[in-house]
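entry-v6.txt (compact mmCIF, C-alpha atoms)
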# COMPACT_ATOMS: atom_id res chain seq x y z
CA MET A 1 -17.92 6.73 13.22
CA ALA A 2 -16.91 3.53 14.91
CA LEU A 3 -13.73 1.60 15.47
CA MET A 4 -13.80 -1.73 13.62
CA ASN A 5 -12.23 -5.00 14.79
CA VAL A 6 -9.15 -5.89 12.76
CA LEU A 7 -8.73 -9.55 11.83
CA ILE A 8 -5.36 -10.92 12.92
CA TYR A 9 -3.47 -13.67 11.10
CA PRO A 10 -4.13 -16.66 11.00
CA ASP A 11 -7.86 -15.74 10.93
CA PRO A 12 -9.21 -17.64 7.88
CA ARG A 13 -11.45 -14.70 6.90
CA LEU A 14 -8.29 -12.89 5.77
CA ARG A 15 -8.25 -15.38 2.88
CA ASN A 16 -11.69 -14.33 1.58
CA LYS A 17 -11.84 -12.68 -1.82
CA ALA A 18 -13.80 -9.42 -1.64
CA LYS A 19 -16.82 -8.70 -3.82
CA GLU A 20 -17.24 -5.72 -6.12
CA VAL A 21 -18.96 -2.64 -4.70
CA THR A 22 -22.11 -1.82 -6.66
CA ALA A 23 -23.91 0.66 -4.38
CA PHE A 24 -22.29 4.07 -3.86
CA ASP A 25 -24.49 5.26 -1.03
CA GLY A 26 -24.51 6.39 2.58
CA ALA A 27 -23.75 2.87 3.81
CA LEU A 28 -20.53 2.83 1.75
CA LYS A 29 -19.54 6.26 3.08
CA SER A 30 -20.14 5.01 6.63
CA ILE A 31 -17.92 1.94 6.06
CA VAL A 32 -15.18 4.17 4.63
CA ASP A 33 -15.40 6.57 7.60
CA ASP A 34 -15.17 3.66 10.05
CA MET A 35 -12.22 2.20 8.12
CA PHE A 36 -10.36 5.54 8.34
CA GLU A 37 -11.00 5.71 12.08
CA THR A 38 -9.67 2.16 12.45
CA LEU A 39 -6.65 2.87 10.26
CA ASP A 40 -5.81 5.96 12.30
CA ALA A 41 -6.23 4.09 15.61
CA HIS A 42 -3.63 1.56 14.42
CA ASN A 43 -1.28 4.20 12.95
CA GLY A 44 -1.50 2.34 9.65
CA VAL A 45 -0.87 3.48 6.11
CA GLY A 46 -3.44 1.30 4.34
CA LEU A 47 -6.43 -0.85 5.21
CA ALA A 48 -8.45 -3.21 3.02
CA ALA A 49 -12.07 -3.94 3.90
CA THR A 50 -11.34 -7.66 4.20
CA GLN A 51 -9.07 -6.88 7.16
CA VAL A 52 -12.11 -5.64 9.10
CA ASN A 53 -14.36 -8.48 7.90
CA VAL A 54 -16.18 -6.42 5.26
CA ASP A 55 -16.53 -8.45 2.08
CA LYS A 56 -16.21 -5.49 -0.33
CA ARG A 57 -13.45 -4.21 -2.61
CA ILE A 58 -12.62 -1.09 -0.58
CA ILE A 59 -9.21 0.32 0.35
CA VAL A 60 -8.46 3.38 2.47
CA MET A 61 -5.02 4.94 2.81
CA ASN A 62 -3.38 7.72 4.73
CA LEU A 63 -0.07 8.22 2.96
CA SER A 64 1.13 11.03 5.18
CA ARG A 65 1.48 10.96 8.93
CA THR A 66 2.22 14.69 9.09
CA ASP A 67 -0.11 17.49 10.13
CA LYS A 68 -1.52 17.40 6.57
CA PRO A 69 -2.97 13.90 6.04
CA GLU A 70 -3.27 12.56 2.51
CA LYS A 71 -6.34 10.35 2.83
CA ARG A 72 -7.35 8.35 -0.24
CA VAL A 73 -10.17 5.93 -1.03
CA PHE A 74 -10.06 3.26 -3.73
CA ILE A 75 -13.23 1.34 -4.56
CA ASN A 76 -13.00 -1.74 -6.83
CA PRO A 77 -9.28 -1.21 -7.49
CA GLU A 78 -7.66 -3.16 -10.28
CA ILE A 79 -3.98 -3.18 -11.24
CA LEU A 80 -3.78 -2.76 -15.01
CA SER A 81 -0.02 -3.03 -15.50
CA SER A 82 3.20 -3.16 -13.53
CA HIS A 83 6.82 -2.39 -14.33
CA GLY A 84 10.19 -3.14 -12.82
CA SER A 85 10.81 -4.56 -9.39
CA THR A 86 11.91 -3.27 -6.04
CA LYS A 87 11.97 -4.39 -2.43
CA PHE A 88 9.89 -2.66 0.21
CA THR A 89 9.95 -3.34 3.91
CA GLU A 90 6.34 -4.14 4.69
CA GLY A 91 4.30 -4.56 7.80
CA CYS A 92 0.59 -5.16 8.22
CA ILE A 93 -2.08 -4.33 10.79
CA SER A 94 -3.29 -7.94 10.44
CA VAL A 95 0.22 -9.34 10.99
CA PRO A 96 1.28 -7.09 13.89
CA GLY A 97 4.88 -6.68 14.91
CA ILE A 98 6.42 -8.35 11.85
CA TYR A 99 8.28 -6.45 9.10
CA GLU A 100 9.94 -8.08 6.11
CA ASP A 101 11.34 -7.08 2.72
CA VAL A 102 8.90 -7.98 -0.05
CA LEU A 103 9.63 -7.92 -3.78
CA ARG A 104 7.01 -5.78 -5.57
CA ALA A 105 6.64 -4.00 -8.88
CA ALA A 106 8.44 -0.65 -8.85
CA SER A 107 5.48 1.08 -10.49
CA VAL A 108 1.89 0.21 -11.34
CA LYS A 109 -0.98 1.62 -13.32
CA PHE A 110 -4.32 1.01 -11.66
CA LYS A 111 -7.98 1.76 -12.12
CA ALA A 112 -10.43 2.39 -9.27
CA GLN A 113 -13.54 4.30 -8.35
CA ASP A 114 -13.85 7.11 -5.84
CA ILE A 115 -16.45 7.27 -3.07
CA ASP A 116 -19.05 8.57 -5.56
CA GLY A 117 -18.39 5.84 -8.13
CA THR A 118 -16.37 7.94 -10.57
CA VAL A 119 -13.76 5.79 -12.34
CA PHE A 120 -10.17 7.03 -12.43
CA GLU A 121 -6.80 5.66 -13.52
CA GLU A 122 -3.44 6.50 -12.06
CA ASP A 123 0.22 5.67 -12.62
CA CYS A 124 2.19 5.50 -9.41
CA GLU A 125 5.46 4.45 -7.84
CA ASP A 126 7.11 4.44 -4.42
CA LEU A 127 4.82 4.30 -1.38
CA LEU A 128 1.50 4.52 -3.27
CA SER A 129 2.53 1.75 -5.66
CA ASN A 130 3.59 -0.50 -2.79
CA CYS A 131 0.42 0.19 -0.81
CA ILE A 132 -1.88 -0.43 -3.77
CA GLN A 133 -0.20 -3.78 -4.43
CA HIS A 134 -0.30 -4.77 -0.73
CA GLU A 135 -3.96 -3.80 -0.24
CA VAL A 136 -5.22 -5.27 -3.54
CA ASP A 137 -3.55 -8.50 -2.42
CA HIS A 138 -5.68 -8.33 0.75
CA LEU A 139 -8.82 -7.96 -1.35
CA ASP A 140 -7.78 -11.14 -3.17
CA GLY A 141 -7.09 -13.07 0.06
CA ILE A 142 -3.30 -12.78 -0.19
CA LEU A 143 -1.06 -11.63 2.66
CA TYR A 144 2.38 -10.13 2.23
CA ILE A 145 3.89 -13.09 4.08
CA ASP A 146 2.66 -15.27 1.18
CA ARG A 147 5.12 -13.41 -1.04
CA LEU A 148 8.12 -14.42 1.07
CA SER A 149 10.38 -17.40 0.40
CA SER A 150 9.28 -20.54 2.24
CA LEU A 151 12.26 -20.24 4.60
CA LYS A 152 11.46 -16.61 5.46
CA ARG A 153 7.76 -17.43 5.81
CA GLN A 154 8.54 -20.21 8.30
CA ARG A 155 10.71 -17.82 10.31
CA VAL A 156 7.91 -15.22 10.30
CA LEU A 157 5.33 -17.80 11.41
CA LYS A 158 7.58 -18.76 14.35
CA LYS A 159 7.90 -15.07 15.30
CA LEU A 160 4.13 -14.63 15.06
CA LYS A 161 3.44 -17.61 17.29
CA LYS A 162 5.91 -16.30 19.85
CA LEU A 163 4.35 -12.81 19.77
CA GLN A 164 0.85 -14.28 20.09
CA ARG A 165 1.90 -16.37 23.11
CA GLN A 166 3.37 -13.26 24.77
CA THR A 167 0.09 -11.36 24.41
CA LEU A 168 -2.08 -14.11 25.93
Can you present the structure in this file as structure tokens?
Amino acid sequence: MALMNVLIYPDPRLRNKAKEVTAFDGALKSIVDDMFETLDAHNGVGLAATQVNVDKRIIVMNLSRTDKPEKRVFINPEILSSHGSTKFTEGCISVPGIYEDVLRAASVKFKAQDIDGTVFEEDCEDLLSNCIQHEVDHLDGILYIDRLSSLKRQRVLKKLKKLQRQTL
């Protein structure tokens, strides 16, 4: 396993739309293993392949930071339906240090494939629903800051620039 480099906003590659996975082989398993290692190194909840400059529709998640991790893999995820609305406070490994309330669907039904290519569907809410929406957005080249009002987005961009200057 290897730690992958995470793209940081405003890297233009974060705007790439990922391509469908067609080969469910050892190379895919290796990418997924590396993505989990990277996710864990950043203490993240979810990671989309586009965030590590892999142009494939792959998401990994660790929904529990307890002694019993709940690691999940979603290949070629697609949101089939959504219901209601709720606000979640979101952060992002690619937008470090910034957390904002984002309006999302309260629940979603999605379809994906597992690491072996088996298709499954799931209804979800709460953290899983929020994470699926956030990470599918990444696969489509959308960042959570794009879902903020223009005023909030401008404030976030100022914060980001300040944080980036401090780390130079």
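Considering the residues A:Ser81, A:Ser94, A:Phe110, A:Glu122 and counting only C-alpha atoms, Leu143 of chain A has its shortest atom-to-atom contact with A:Ser94.
You can rank A:Lys71, A:Gln51, A:Ile98, A:Leu3 by their closest distance to Lys162 of chain A using all atoms listed in the file, and at the top of that list sits A:Ile98.
Atom CA of Asp34 of chain A lies 5.2 Å from atom CA of Met1 of chain A.
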List as a PyMOL selection string the protein and nucleic acid residues near Val156 of chain A, meaning an atom at most 12 Å away when all atoms listed in the file are counted, but skip any in the same chain fewer than 2 places from it. chain A and resi 9+91+95-101+144-154+158-163
One-decimal distance in Å that lies between atom CA of Val52 of chain A and atom CA of Val108 of chain A: 25.5 Å
Would you compute an axis-aligned box for segment 147-166 of chain A, covering every atom listed for it in the file with 3 Å of margin on each side, and report centre and edge lengths in Å to one decimal as lines of an AutoDock Vina configuration file?
center_x = 6.6
center_y = -16.7
center_z = 11.9
size_x = 17.4
size_y = 13.7
size_z = 31.8
Rank nothing, just name the residue among A:Val136, A:Val119, A:Val73, A:Leu128 nearest to Thr50 of chain A, using all atoms listed in the file. A:Val136
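For the atom pair formed by atom CA of Asp11 of chain A and atom CA of Ala41 of chain A, the distance is 20.4 Å, given to one decimal.
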Select, counting only C-alpha atoms, all protein, DNA and RNA residues no farther than 9 Å from (9.5, -3.0, -6.6) in file coordinates, and express the selection as a PyMOL selection string. chain A and resi 83-88+102-107+125-126+129-130
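Proximity ranking of A:Lys111, A:Lys17, A:Arg155, A:Arg165 relative to Ala49 of chain A places A:Lys17 first, based on only C-alpha atoms.
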Across A:Leu7, A:Val54, A:Leu14, A:Ala2, the smallest distance to Glu37 of chain A, with all atoms listed in the file counted, is shown by A:Ala2
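Between Phe74 of chain A and the candidates A:Ala18, A:Leu127, A:Ile132, A:Cys92, the tightest atom-to-atom separation, counting only C-alpha atoms, involves A:Ile132.
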Mind listing whatever residues come within 12 Å of the point (-17.4, -6.6, -3.1)? Use only C-alpha atoms, file coordinates, and give them as a PyMOL selection string. chain A and resi 16-24+28+48-50+53-59+75-77+139-140
Once you've located segment 100-115 of chain A in the structure I gave, write it as a PDB file, in the first residue's frame, keeping N, CA, C and O atoms.
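result.pdb, freshly written:
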ATOM      1  N   GLU A 100     -18.246  24.197   6.699  1.00  0.00           N
ATOM      2  CA  GLU A 100     -19.433  25.034   6.465  1.00  0.00           C
ATOM      3  C   GLU A 100     -20.675  24.158   6.430  1.00  0.00           C
ATOM      4  O   GLU A 100     -20.607  22.972   6.066  1.00  0.00           O
ATOM      5  N   ASP A 101     -21.815  24.753   6.771  1.00  0.00           N
ATOM      6  CA  ASP A 101     -23.100  24.070   6.648  1.00  0.00           C
ATOM      7  C   ASP A 101     -23.503  24.031   5.188  1.00  0.00           C
ATOM      8  O   ASP A 101     -23.466  25.057   4.500  1.00  0.00           O
ATOM      9  N   VAL A 102     -23.872  22.829   4.728  1.00  0.00           N
ATOM     10  CA  VAL A 102     -24.273  22.623   3.342  1.00  0.00           C
ATOM     11  C   VAL A 102     -25.655  21.979   3.337  1.00  0.00           C
ATOM     12  O   VAL A 102     -25.906  21.024   4.077  1.00  0.00           O
ATOM     13  N   LEU A 103     -26.534  22.493   2.490  1.00  0.00           N
ATOM     14  CA  LEU A 103     -27.868  21.920   2.349  1.00  0.00           C
ATOM     15  C   LEU A 103     -27.780  20.695   1.442  1.00  0.00           C
ATOM     16  O   LEU A 103     -27.283  20.791   0.311  1.00  0.00           O
ATOM     17  N   ARG A 104     -28.225  19.554   1.941  1.00  0.00           N
ATOM     18  CA  ARG A 104     -28.205  18.284   1.209  1.00  0.00           C
ATOM     19  C   ARG A 104     -29.560  17.605   1.371  1.00  0.00           C
ATOM     20  O   ARG A 104     -30.349  17.958   2.242  1.00  0.00           O
ATOM     21  N   ALA A 105     -29.771  16.579   0.547  1.00  0.00           N
ATOM     22  CA  ALA A 105     -30.961  15.747   0.728  1.00  0.00           C
ATOM     23  C   ALA A 105     -30.835  15.017   2.065  1.00  0.00           C
ATOM     24  O   ALA A 105     -29.737  14.620   2.467  1.00  0.00           O
ATOM     25  N   ALA A 106     -31.954  14.831   2.743  1.00  0.00           N
ATOM     26  CA  ALA A 106     -31.944  14.138   4.032  1.00  0.00           C
ATOM     27  C   ALA A 106     -31.701  12.642   3.861  1.00  0.00           C
ATOM     28  O   ALA A 106     -31.089  12.001   4.709  1.00  0.00           O
ATOM     29  N   SER A 107     -32.178  12.094   2.752  1.00  0.00           N
ATOM     30  CA  SER A 107     -31.961  10.673   2.477  1.00  0.00           C
ATOM     31  C   SER A 107     -31.812  10.479   0.971  1.00  0.00           C
ATOM     32  O   SER A 107     -32.337  11.256   0.179  1.00  0.00           O
ATOM     33  N   VAL A 108     -31.073   9.449   0.606  1.00  0.00           N
ATOM     34  CA  VAL A 108     -30.902   9.111  -0.805  1.00  0.00           C
ATOM     35  C   VAL A 108     -30.983   7.602  -0.993  1.00  0.00           C
ATOM     36  O   VAL A 108     -30.727   6.826  -0.078  1.00  0.00           O
ATOM     37  N   LYS A 109     -31.344   7.246  -2.201  1.00  0.00           N
ATOM     38  CA  LYS A 109     -31.243   5.856  -2.650  1.00  0.00           C
ATOM     39  C   LYS A 109     -30.165   5.876  -3.725  1.00  0.00           C
ATOM     40  O   LYS A 109     -30.192   6.722  -4.620  1.00  0.00           O
ATOM     41  N   PHE A 110     -29.207   4.972  -3.606  1.00  0.00           N
ATOM     42  CA  PHE A 110     -28.130   4.946  -4.586  1.00  0.00           C
ATOM     43  C   PHE A 110     -27.859   3.526  -5.040  1.00  0.00           C
ATOM     44  O   PHE A 110     -28.258   2.555  -4.399  1.00  0.00           O
ATOM     45  N   LYS A 111     -27.180   3.459  -6.171  1.00  0.00           N
ATOM     46  CA  LYS A 111     -26.751   2.182  -6.749  1.00  0.00           C
ATOM     47  C   LYS A 111     -25.240   2.284  -6.917  1.00  0.00           C
ATOM     48  O   LYS A 111     -24.711   3.344  -7.266  1.00  0.00           O
ATOM     49  N   ALA A 112     -24.529   1.186  -6.652  1.00  0.00           N
ATOM     50  CA  ALA A 112     -23.079   1.149  -6.836  1.00  0.00           C
ATOM     51  C   ALA A 112     -22.667  -0.303  -7.058  1.00  0.00           C
ATOM     52  O   ALA A 112     -23.508  -1.205  -7.054  1.00  0.00           O
ATOM     53  N   GLN A 113     -21.380  -0.478  -7.253  1.00  0.00           N
ATOM     54  CA  GLN A 113     -20.810  -1.814  -7.344  1.00  0.00           C
ATOM     55  C   GLN A 113     -19.783  -1.966  -6.230  1.00  0.00           C
ATOM     56  O   GLN A 113     -19.161  -0.992  -5.819  1.00  0.00           O
ATOM     57  N   ASP A 114     -19.616  -3.216  -5.785  1.00  0.00           N
ATOM     58  CA  ASP A 114     -18.585  -3.461  -4.784  1.00  0.00           C
ATOM     59  C   ASP A 114     -17.255  -3.742  -5.491  1.00  0.00           C
ATOM     60  O   ASP A 114     -17.166  -3.668  -6.719  1.00  0.00           O
ATOM     61  N   ILE A 115     -16.245  -4.074  -4.746  1.00  0.00           N
ATOM     62  CA  ILE A 115     -14.900  -4.247  -5.285  1.00  0.00           C
ATOM     63  C   ILE A 115     -14.820  -5.380  -6.311  1.00  0.00           C
ATOM     64  O   ILE A 115     -13.925  -5.397  -7.154  1.00  0.00           O
TER      65      ILE A 115
END
